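Dumped data.cif below, it's mmCIF, C-alpha atoms:
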data_upload
loop_
_atom_site.label_atom_id
_atom_site.label_comp_id
_atom_site.auth_asym_id
_atom_site.auth_seq_id
_atom_site.Cartn_x
_atom_site.Cartn_y
_atom_site.Cartn_z
CA MET A 1141 119.14 94.91 66.92
CA ARG A 1142 121.51 96.57 69.36
CA SER A 1143 120.35 97.32 72.90
CA ARG A 1144 121.42 99.92 75.46
CA LYS A 1145 121.16 99.59 79.22
CA ILE A 1146 119.44 102.25 81.30
CA PRO A 1147 122.11 103.16 83.89
CA HIS A 1148 121.64 101.96 87.47
CA THR A 1149 118.87 99.55 86.41
CA ALA A 1150 118.62 96.08 84.93
CA VAL A 1151 116.51 97.33 82.01
CA GLU A 1152 117.90 97.14 78.48
CA VAL A 1153 116.03 98.66 75.55
CA THR A 1154 116.63 98.14 71.85
CA GLU A 1155 117.84 101.26 70.08
CA LEU A 1156 114.56 101.39 68.16
CA GLY A 1157 111.24 101.23 69.99
CA PHE A 1158 107.60 100.76 68.98
CA GLY A 1159 105.35 103.64 70.00
CA ALA A 1160 101.84 102.29 70.42
CA SER A 1161 99.84 105.53 70.36
CA VAL A 1162 98.86 105.03 66.72
CA ILE A 1163 97.42 101.56 67.35
CA GLY A 1164 95.10 103.33 69.79
CA ASN A 1165 93.52 104.97 66.72
CA LEU A 1166 95.45 108.22 66.89
CA TYR A 1167 93.92 110.60 64.31
CA ARG A 1168 92.33 107.76 62.31
CA THR A 1169 91.15 104.19 62.69
CA THR A 1170 93.65 101.36 62.72
CA THR A 1171 92.02 97.96 62.58
CA ALA A 1172 92.84 95.24 65.07
CA GLY A 1173 94.35 93.25 62.23
CA GLU A 1174 96.59 96.12 61.14
CA ALA A 1175 97.75 96.69 64.71
CA ALA A 1176 98.56 93.01 65.22
CA ALA A 1177 100.42 92.85 61.91
CA ALA A 1178 102.44 95.96 62.80
CA LEU A 1179 103.44 94.45 66.13
CA ASP A 1180 104.38 91.14 64.46
CA ALA A 1181 106.54 93.05 61.99
CA ALA A 1182 108.20 94.95 64.85
CA TRP A 1183 109.05 91.70 66.59
CA ASP A 1184 110.43 90.23 63.35
CA ALA A 1185 112.57 93.36 62.92
CA GLY A 1186 114.16 92.80 66.32
CA ILE A 1187 112.34 95.61 68.15
CA ARG A 1188 111.96 94.64 71.79
CA TYR A 1189 110.88 97.89 73.44
CA TYR A 1190 107.19 98.83 73.33
CA ASP A 1191 105.61 101.96 74.81
CA THR A 1192 101.94 102.63 75.53
CA ALA A 1193 99.68 104.62 77.89
CA PRO A 1194 96.08 104.64 79.15
CA HIS A 1195 95.65 107.96 77.32
CA TYR A 1196 96.18 106.32 73.93
CA GLY A 1197 92.73 105.45 72.65
CA LEU A 1198 91.22 105.42 76.15
CA GLY A 1199 92.91 102.09 76.83
CA LEU A 1200 92.68 100.64 73.32
CA SER A 1201 96.44 100.81 72.78
CA GLU A 1202 97.12 98.91 76.01
CA HIS A 1203 94.56 96.24 75.10
CA ARG A 1204 96.07 95.72 71.65
CA LEU A 1205 99.68 95.79 72.77
CA GLY A 1206 99.02 93.35 75.58
CA ALA A 1207 97.19 90.96 73.27
CA ALA A 1208 100.14 90.96 70.85
CA LEU A 1209 102.79 90.46 73.52
CA ARG A 1210 101.13 87.90 75.78
CA GLY A 1211 102.27 85.03 73.57
CA ARG A 1212 105.89 86.25 73.50
CA PRO A 1213 108.58 85.18 75.98
CA ARG A 1214 108.24 87.74 78.76
CA GLU A 1215 111.96 88.03 79.44
CA GLN A 1216 112.65 88.98 75.81
CA TYR A 1217 110.91 92.35 75.69
CA VAL A 1218 110.54 95.59 77.62
CA ILE A 1219 107.20 97.36 77.95
CA SER A 1220 106.50 100.81 79.35
CA SER A 1221 103.26 102.55 80.19
CA LYS A 1222 102.35 105.72 82.00
CA VAL A 1223 100.43 107.08 84.98
CA GLY A 1224 98.75 110.40 85.69
CA ARG A 1225 95.57 110.01 83.67
CA LEU A 1226 93.00 107.65 85.18
CA LEU A 1227 90.23 106.36 82.93
CA VAL A 1228 86.84 106.87 84.54
CA PRO A 1229 83.24 106.60 83.29
CA ASN A 1230 82.20 109.55 81.13
CA GLU A 1231 78.97 111.01 82.45
CA HIS A 1232 78.39 113.05 79.27
CA PRO A 1233 79.60 111.05 76.25
CA THR A 1234 79.26 112.52 72.78
CA GLY A 1235 80.09 109.34 70.88
CA VAL A 1236 83.72 110.05 69.98
CA ASP A 1237 86.84 111.02 71.92
CA THR A 1238 87.82 114.68 71.75
CA GLU A 1239 91.58 114.25 72.32
CA GLY A 1240 92.69 112.99 68.93
CA PHE A 1241 91.77 109.30 69.09
CA VAL A 1242 89.04 107.76 66.93
CA VAL A 1243 87.32 105.78 69.69
CA ARG A 1244 84.07 105.98 71.63
CA ASP A 1245 84.20 108.26 74.64
CA ASP A 1246 82.43 106.02 77.14
CA LEU A 1247 85.45 106.75 79.34
CA ARG A 1248 87.17 110.03 80.06
CA ARG A 1249 90.61 110.96 81.40
CA GLN A 1250 91.00 112.26 84.95
CA TRP A 1251 94.31 113.80 86.07
CA ASP A 1252 95.65 112.11 89.19
CA PHE A 1253 99.29 112.05 90.32
CA SER A 1254 98.47 111.00 93.88
CA ARG A 1255 99.95 107.83 95.35
CA ASP A 1256 96.55 106.12 95.23
CA GLY A 1257 96.05 107.30 91.66
CA VAL A 1258 99.40 105.84 90.60
CA LEU A 1259 98.66 102.47 92.19
CA ARG A 1260 95.16 102.36 90.70
CA SER A 1261 96.45 103.32 87.26
CA LEU A 1262 99.08 100.58 87.31
CA GLU A 1263 96.56 97.97 88.42
CA GLU A 1264 94.20 98.94 85.61
CA THR A 1265 97.00 98.93 83.02
CA LEU A 1266 97.98 95.39 84.04
CA LYS A 1267 94.34 94.32 83.66
CA ARG A 1268 94.05 95.90 80.20
CA THR A 1269 97.33 94.44 78.94
CA GLY A 1270 96.92 91.08 80.67
CA LEU A 1271 100.62 91.20 81.55
CA ASP A 1272 102.20 90.40 84.90
CA ARG A 1273 104.39 93.48 85.19
CA LEU A 1274 105.66 96.66 83.56
CA ASP A 1275 109.35 97.28 83.01
CA ILE A 1276 109.29 101.10 82.82
CA VAL A 1277 106.64 103.48 84.13
CA TYR A 1278 106.57 107.19 83.24
CA LEU A 1279 104.57 110.06 84.70
CA HIS A 1280 102.57 111.25 81.69
CA ASP A 1281 102.61 114.98 80.91
CA PRO A 1282 102.81 116.31 84.49
CA ASP A 1283 103.35 119.88 83.21
CA ASP A 1284 100.67 121.42 85.42
CA HIS A 1285 101.11 118.99 88.31
CA TRP A 1286 104.77 119.28 89.33
CA GLN A 1287 104.22 119.32 93.09
CA GLN A 1288 101.98 116.29 93.32
CA ALA A 1289 103.98 114.43 90.68
CA ALA A 1290 107.27 115.06 92.48
CA ASP A 1291 105.98 114.64 96.04
CA GLU A 1292 103.54 111.74 95.63
CA ALA A 1293 103.70 110.00 92.25
CA MET A 1294 107.47 109.66 91.89
CA PRO A 1295 108.03 108.37 95.45
CA ALA A 1296 105.27 105.80 94.89
CA LEU A 1297 107.00 104.61 91.73
CA ALA A 1298 110.39 104.61 93.46
CA GLU A 1299 109.01 102.37 96.18
CA LEU A 1300 107.72 99.90 93.58
CA ARG A 1301 111.06 100.02 91.76
CA ASP A 1302 112.99 99.40 94.95
CA GLN A 1303 110.73 96.43 95.68
CA GLY A 1304 111.55 95.01 92.24
CA VAL A 1305 107.99 95.44 90.94
CA ILE A 1306 109.11 97.94 88.25
CA GLY A 1307 112.49 98.03 86.55
CA ALA A 1308 112.85 101.78 85.91
CA ILE A 1309 110.83 104.95 86.47
CA GLY A 1310 110.66 108.43 84.98
CA ALA A 1311 108.49 111.00 83.24
CA GLY A 1312 107.46 111.73 79.66
CA MET A 1313 106.76 115.23 78.32
CA ASN A 1314 106.93 117.52 75.30
CA GLN A 1315 109.10 120.00 77.20
CA SER A 1316 112.65 119.49 78.42
CA ALA A 1317 112.98 121.94 81.33
CA MET A 1318 110.74 120.05 83.76
CA LEU A 1319 112.22 116.74 82.68
CA ALA A 1320 115.59 118.11 83.79
CA ARG A 1321 114.05 118.82 87.20
CA PHE A 1322 112.80 115.25 87.43
CA LEU A 1323 116.31 113.96 86.72
CA ARG A 1324 117.95 116.35 89.16
CA GLU A 1325 115.41 116.43 91.98
CA THR A 1326 113.63 113.06 92.03
CA ALA A 1327 114.34 109.34 91.86
CA ALA A 1328 113.69 109.18 88.10
CA ASP A 1329 116.00 106.87 86.11
CA VAL A 1330 114.95 107.83 82.60
CA VAL A 1331 112.80 110.43 80.84
CA MET A 1332 110.88 110.26 77.58
CA LEU A 1333 111.59 113.44 75.64
CA ALA A 1334 109.23 114.37 72.79
CA GLY A 1335 110.52 116.51 69.94
CA ARG A 1336 113.19 118.49 71.78
CA TYR A 1337 116.30 116.70 70.53
CA THR A 1338 115.95 116.43 66.78
CA LEU A 1339 117.65 117.68 63.65
CA LEU A 1340 115.46 120.80 63.89
CA ASP A 1341 115.41 121.36 67.65
CA GLN A 1342 118.33 120.80 70.02
CA SER A 1343 116.86 122.76 72.93
CA ALA A 1344 117.35 119.74 75.20
CA LEU A 1345 121.04 120.67 75.23
CA ASP A 1346 120.06 123.53 77.53
CA ASP A 1347 118.69 121.41 80.34
CA VAL A 1348 117.63 117.78 80.25
CA LEU A 1349 120.63 116.30 78.44
CA PRO A 1350 123.20 118.01 80.72
CA ALA A 1351 121.11 116.85 83.70
CA ALA A 1352 121.16 113.27 82.42
CA GLN A 1353 124.92 113.37 81.97
CA GLU A 1354 125.52 115.00 85.34
CA HIS A 1355 123.45 112.44 87.23
CA GLY A 1356 124.22 109.34 85.14
CA LYS A 1357 120.61 109.01 83.96
CA SER A 1358 119.14 108.50 80.51
CA VAL A 1359 116.73 109.68 77.85
CA VAL A 1360 114.33 107.98 75.45
CA ALA A 1361 113.77 110.21 72.41
CA VAL A 1362 110.36 110.34 70.72
CA GLY A 1363 108.86 112.72 68.17
CA VAL A 1364 112.13 112.69 66.24
CA PHE A 1365 110.36 113.53 62.97
CA ASN A 1366 108.82 116.65 64.62
CA SER A 1367 105.28 115.61 63.58
CA GLY A 1368 106.30 114.75 60.02
CA LEU A 1369 108.58 117.44 58.62
CA LEU A 1370 111.62 115.16 58.94
CA SER A 1371 109.85 111.98 57.82
CA LYS A 1372 110.34 112.34 54.04
CA ASP A 1373 113.46 112.52 51.91
CA ARG A 1374 112.36 115.91 50.54
CA PRO A 1375 110.35 118.16 52.90
CA ALA A 1376 107.45 119.98 51.26
CA GLU A 1377 105.14 122.87 52.04
CA GLY A 1378 102.13 121.81 54.08
CA MET A 1379 103.96 119.21 56.14
CA LYS A 1380 103.52 119.31 59.92
CA TYR A 1381 105.94 120.57 62.54
CA ASP A 1382 104.94 120.04 66.20
CA TYR A 1383 101.36 119.25 65.15
CA GLN A 1384 100.89 122.41 63.06
CA ALA A 1385 101.68 123.46 59.50
CA ALA A 1386 105.44 123.97 59.29
CA PRO A 1387 106.55 127.60 58.82
CA PRO A 1388 108.30 128.19 55.47
CA ALA A 1389 111.60 128.97 57.20
CA LEU A 1390 111.59 125.58 58.89
CA VAL A 1391 110.73 123.84 55.63
CA ASP A 1392 113.73 125.56 54.04
CA ARG A 1393 115.95 124.49 56.93
CA ALA A 1394 114.76 120.89 56.66
CA ARG A 1395 115.49 120.96 52.92
CA ALA A 1396 119.00 122.25 53.61
CA ILE A 1397 119.57 119.37 56.04
CA ALA A 1398 118.19 116.96 53.43
CA ASP A 1399 120.69 118.29 50.90
CA VAL A 1400 123.59 117.57 53.25
CA CYS A 1401 122.21 114.09 53.97
CA GLU A 1402 121.98 113.37 50.24
CA ALA A 1403 125.56 114.54 49.72
CA HIS A 1404 126.63 111.94 52.30
CA GLY A 1405 124.67 109.12 50.68
CA THR A 1406 121.83 108.97 53.17
CA THR A 1407 118.37 110.47 53.69
CA LEU A 1408 116.73 112.96 55.99
CA PRO A 1409 114.53 110.43 57.85
CA ALA A 1410 117.44 108.03 58.36
CA ALA A 1411 119.48 110.85 59.84
CA ALA A 1412 116.51 111.98 61.95
CA ILE A 1413 116.32 108.54 63.58
CA ALA A 1414 120.06 108.28 64.07
CA PHE A 1415 120.75 111.78 65.36
CA PRO A 1416 119.43 111.50 68.96
CA LEU A 1417 121.40 108.30 69.47
CA THR A 1418 124.65 110.19 68.88
CA HIS A 1419 124.22 111.76 72.32
CA PRO A 1420 125.69 109.57 75.08
CA SER A 1421 122.62 109.93 77.32
CA VAL A 1422 120.05 108.83 74.72
CA MET A 1423 119.33 105.11 74.97
CA ASN A 1424 116.52 104.71 72.46
CA VAL A 1425 114.45 106.30 69.71
CA THR A 1426 110.79 105.24 69.77
CA LEU A 1427 108.59 105.77 66.71
CA GLY A 1428 104.86 105.47 66.22
CA MET A 1429 104.21 102.75 63.64
CA ARG A 1430 100.76 101.93 62.34
CA ASP A 1431 101.29 99.06 59.90
CA PRO A 1432 103.95 96.55 58.78
CA ALA A 1433 105.16 98.77 55.92
CA GLN A 1434 105.94 101.61 58.35
CA VAL A 1435 107.71 99.20 60.70
CA ARG A 1436 109.88 97.72 57.96
CA ARG A 1437 110.73 101.16 56.58
CA ASN A 1438 111.76 102.51 59.95
CA ALA A 1439 113.79 99.42 60.76
CA ARG A 1440 115.64 99.76 57.44
CA LEU A 1441 116.27 103.45 58.10
CA HIS A 1442 117.61 102.66 61.55
CA GLN A 1443 120.03 100.10 60.12
CA GLN A 1444 121.46 102.48 57.54
CA ARG A 1445 125.04 103.60 57.96
CA ILE A 1446 125.22 107.31 58.78
CA PRO A 1447 128.68 108.73 58.12
CA ARG A 1448 130.16 110.48 61.12
CA GLU A 1449 131.14 113.32 58.81
CA LEU A 1450 127.47 114.16 58.21
CA TRP A 1451 127.03 115.45 61.75
CA HIS A 1452 130.13 117.58 61.55
CA ASP A 1453 129.06 119.05 58.21
CA LEU A 1454 125.63 119.92 59.58
CA ARG A 1455 127.25 121.59 62.57
CA ASP A 1456 129.80 123.43 60.45
CA GLN A 1457 127.02 124.76 58.19
CA GLY A 1458 125.06 126.10 61.14
CA LEU A 1459 122.32 123.50 60.77
CA LEU A 1460 123.04 122.02 64.20
CA ARG A 1461 123.98 123.90 67.34
CA PRO A 1462 127.75 124.34 67.66
CA GLU A 1463 127.93 122.50 71.00
CA THR A 1464 126.10 119.40 69.71
CA PRO A 1465 128.12 116.33 70.81
CA PHE A 1466 128.58 113.22 68.67
CA ALA A 1467 129.98 110.78 71.18
CA ALA A 1468 128.25 107.74 69.70
CA GLY A 1469 129.32 108.46 66.11
CA GLY A 1470 127.55 106.92 63.13
CA ARG A 1471 126.42 103.42 62.24
CA SER A 1472 128.68 101.15 60.23
#
Let me see the structure of the file written as structure tokens.
Amino acid sequence: MRSRKIPHTAVEVTELGFGASVIGNLYRTTTAGEAAAALDAAWDAGIRYYDTAPHYGLGLSEHRLGAALRGRPREQYVISSKVGRLLVPNEHPTGVDTEGFVVRDDLRRQWDFSRDGVLRSLEETLKRTGLDRLDIVYLHDPDDHWQQAADEAMPALAELRDQGVIGAIGAGMNQSAMLARFLRETAADVVMLAGRYTLLDQSALDDVLPAAQEHGKSVVAVGVFNSGLLSKDRPAEGMKYDYQAAPPALVDRARAIADVCEAHGTTLPAAAIAFPLTHPSVMNVTLGMRDPAQVRRNARLHQQRIPRELWHDLRDQGLLRPETPFAAGGRS
């Protein structure tokens, strides 16, 4: 699988990444066996970038990802995790987590973007994963914590990067405007952008992507299926868009894009994976994958040839913004 280098760092990520939120029991239980099999399938498919966070399953994702990777040659893969949510004892557990993960809530999340919080979070992540280092560290959803994140957390990460402890640093969010600020105003190398540069939403062209180009920095794209609406060949009523039922107008738009994809001999989900990588600042698309079948499907979709003409037809038909660039072209 092809890799792309994050500018100004030594970190290279495969074009397709494994998002480990789902193996932290996101929305439903994934067994330890299923998680291990999914990670084995990802390795066999050539995926060498893996992303996790303490938030995912109150540490379960980090435990499972670390267990799967510890037997692999450390120099052959890249792993990222996140800081900003410490896991602390829950004084009032109810028996199950309330933030979307099917796990016990013996722990709870505590926002902390202080220097000490960053260092503590990293230490605890290394203990949970059993690994000796992290390659990329992101600030996790600092939407309501800009000042502390920019003034304390990012400088702490930059110091660790400059010491060679971490390979690259950045922030991960569902919005693009603040990510642009991180690229312009802080030492961030890379940002993880969720859902804002997809076949249905190119709002990142307004801020974070120009910032990445201007400063020679890069973007990892996640949420490229927009919570599911772009994940099937034929979108249907009732599918999700940004975690909610998709409005009929968006379903119609997704169907129109699917029609153009079909006319070019490809499918909507294959195009959804390929599209962000046509922007010169996007290094990787990371997908949540729960089992080996999902891994193999996504790897096949990623390898499909996407005709360059598809992007131009979508733009000409008003289904992509007119200024959408296609510097990277299609796969062959």
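Taken over the shown file, the PyMOL selection byres ((chain A and resi 1395-1410) around 8) identifies Phe1365, Leu1370, Ser1371, Lys1372, Asp1373, Arg1374, Pro1375, Val1391, Asp1392, Arg1393, Ala1394, Ala1411, Ala1412, Ile1413, Ala1414, Leu1441, His1442, Gln1444, Arg1445, Ile1446, Pro1447, Leu1450, Asp1453, Leu1454 and Leu1459 of chain A.
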May I have the selected residues written with C-alpha atoms, as a PDB file, keeping the file's coordinate frame?
ATOM      1  CA  PHE A1365     110.360 113.530  62.970  1.00  0.00           C
ATOM      2  CA  LEU A1370     111.620 115.160  58.940  1.00  0.00           C
ATOM      3  CA  SER A1371     109.850 111.980  57.820  1.00  0.00           C
ATOM      4  CA  LYS A1372     110.340 112.340  54.040  1.00  0.00           C
ATOM      5  CA  ASP A1373     113.460 112.520  51.910  1.00  0.00           C
ATOM      6  CA  ARG A1374     112.360 115.910  50.540  1.00  0.00           C
ATOM      7  CA  PRO A1375     110.350 118.160  52.900  1.00  0.00           C
ATOM      8  CA  VAL A1391     110.730 123.840  55.630  1.00  0.00           C
ATOM      9  CA  ASP A1392     113.730 125.560  54.040  1.00  0.00           C
ATOM     10  CA  ARG A1393     115.950 124.490  56.930  1.00  0.00           C
ATOM     11  CA  ALA A1394     114.760 120.890  56.660  1.00  0.00           C
ATOM     12  CA  ALA A1411     119.480 110.850  59.840  1.00  0.00           C
ATOM     13  CA  ALA A1412     116.510 111.980  61.950  1.00  0.00           C
ATOM     14  CA  ILE A1413     116.320 108.540  63.580  1.00  0.00           C
ATOM     15  CA  ALA A1414     120.060 108.280  64.070  1.00  0.00           C
ATOM     16  CA  LEU A1441     116.270 103.450  58.100  1.00  0.00           C
ATOM     17  CA  HIS A1442     117.610 102.660  61.550  1.00  0.00           C
ATOM     18  CA  GLN A1444     121.460 102.480  57.540  1.00  0.00           C
ATOM     19  CA  ARG A1445     125.040 103.600  57.960  1.00  0.00           C
ATOM     20  CA  ILE A1446     125.220 107.310  58.780  1.00  0.00           C
ATOM     21  CA  PRO A1447     128.680 108.730  58.120  1.00  0.00           C
ATOM     22  CA  LEU A1450     127.470 114.160  58.210  1.00  0.00           C
ATOM     23  CA  ASP A1453     129.060 119.050  58.210  1.00  0.00           C
ATOM     24  CA  LEU A1454     125.630 119.920  59.580  1.00  0.00           C
ATOM     25  CA  LEU A1459     122.320 123.500  60.770  1.00  0.00           C
TER      26      LEU A1459
END
Explicit residue set for the PyMOL selection byres ((chain A and resi 1198-1203) around 6), as a VMD selection string:
chain A and resid 1163 to 1164 1194 to 1197 1204 to 1206 1268 to 1269
Residues near Asp1291 (chain A), anyone? I mean within 10 Å using all atoms listed in the file, not counting same-chain ones fewer than 3 positions away, as a ChimeraX atom specification.
/A:1253-1255,1286-1288,1294-1296,1326
List every protein, DNA or RNA residue with an atom no more than 10 Å from (112.0, 97.6, 88.0) in the file's coordinates, counting only C-alpha atoms, and format the result as an NGL selection string.
:A and (1149-1151 or 1273-1277 or 1297-1309)
Exactly which residues make up the result of the PyMOL selection byres ((chain A and resi 1421) around 10) on this file, given as JSON, numbers by chain?
{"A": [1146, 1147, 1330, 1348, 1349, 1350, 1351, 1352, 1353, 1354, 1356, 1357, 1358, 1359, 1360, 1416, 1417, 1418, 1419, 1420, 1422, 1423, 1424, 1467, 1468]}
Fix up region 1395-1412 of chain A with N, CA and C atoms, then write it as an mmCIF file, in the frame of the given file.
data_model
loop_
_atom_site.group_PDB
_atom_site.id
_atom_site.type_symbol
_atom_site.label_atom_id
_atom_site.label_comp_id
_atom_site.auth_asym_id
_atom_site.auth_seq_id
_atom_site.Cartn_x
_atom_site.Cartn_y
_atom_site.Cartn_z
ATOM 1 N N ARG A 1395 114.976 121.266 54.258
ATOM 2 C CA ARG A 1395 115.490 120.960 52.920
ATOM 3 C C ARG A 1395 117.009 121.091 52.869
ATOM 4 N N ALA A 1396 117.548 122.087 53.571
ATOM 5 C CA ALA A 1396 119.000 122.250 53.610
ATOM 6 C C ALA A 1396 119.656 121.051 54.292
ATOM 7 N N ILE A 1397 119.043 120.567 55.365
ATOM 8 C CA ILE A 1397 119.570 119.370 56.040
ATOM 9 C C ILE A 1397 119.474 118.164 55.114
ATOM 10 N N ALA A 1398 118.356 118.068 54.383
ATOM 11 C CA ALA A 1398 118.190 116.960 53.430
ATOM 12 C C ALA A 1398 119.265 116.988 52.361
ATOM 13 N N ASP A 1399 119.639 118.178 51.910
ATOM 14 C CA ASP A 1399 120.690 118.290 50.900
ATOM 15 C C ASP A 1399 122.020 117.742 51.420
ATOM 16 N N VAL A 1400 122.348 118.064 52.664
ATOM 17 C CA VAL A 1400 123.590 117.570 53.250
ATOM 18 C C VAL A 1400 123.528 116.045 53.420
ATOM 19 N N CYS A 1401 122.377 115.546 53.840
ATOM 20 C CA CYS A 1401 122.210 114.090 53.970
ATOM 21 C C CYS A 1401 122.442 113.409 52.628
ATOM 22 N N GLU A 1402 121.835 113.954 51.574
ATOM 23 C CA GLU A 1402 121.980 113.370 50.240
ATOM 24 C C GLU A 1402 123.437 113.383 49.790
ATOM 25 N N ALA A 1403 124.148 114.455 50.101
ATOM 26 C CA ALA A 1403 125.560 114.540 49.720
ATOM 27 C C ALA A 1403 126.396 113.469 50.416
ATOM 28 N N HIS A 1404 125.915 112.981 51.566
ATOM 29 C CA HIS A 1404 126.630 111.940 52.300
ATOM 30 C C HIS A 1404 126.050 110.548 52.050
ATOM 31 N N GLY A 1405 125.180 110.435 51.057
ATOM 32 C CA GLY A 1405 124.670 109.120 50.680
ATOM 33 C C GLY A 1405 123.599 108.565 51.586
ATOM 34 N N THR A 1406 122.909 109.436 52.310
ATOM 35 C CA THR A 1406 121.830 108.970 53.170
ATOM 36 C C THR A 1406 120.618 109.872 52.983
ATOM 37 N N THR A 1407 119.613 109.717 53.834
ATOM 38 C CA THR A 1407 118.370 110.470 53.690
ATOM 39 C C THR A 1407 118.032 111.200 54.966
ATOM 40 N N LEU A 1408 117.162 112.184 54.840
ATOM 41 C CA LEU A 1408 116.730 112.960 55.990
ATOM 42 C C LEU A 1408 116.089 112.098 57.084
ATOM 43 N N PRO A 1409 115.124 111.220 56.766
ATOM 44 C CA PRO A 1409 114.530 110.430 57.850
ATOM 45 C C PRO A 1409 115.499 109.466 58.507
ATOM 46 N N ALA A 1410 116.431 108.901 57.742
ATOM 47 C CA ALA A 1410 117.440 108.030 58.360
ATOM 48 C C ALA A 1410 118.286 108.808 59.341
ATOM 49 N N ALA A 1411 118.688 110.008 58.945
ATOM 50 C CA ALA A 1411 119.480 110.850 59.840
ATOM 51 C C ALA A 1411 118.662 111.293 61.046
ATOM 52 N N ALA A 1412 117.366 111.551 60.845
ATOM 53 C CA ALA A 1412 116.510 111.980 61.950
ATOM 54 C C ALA A 1412 116.405 110.906 63.026
#
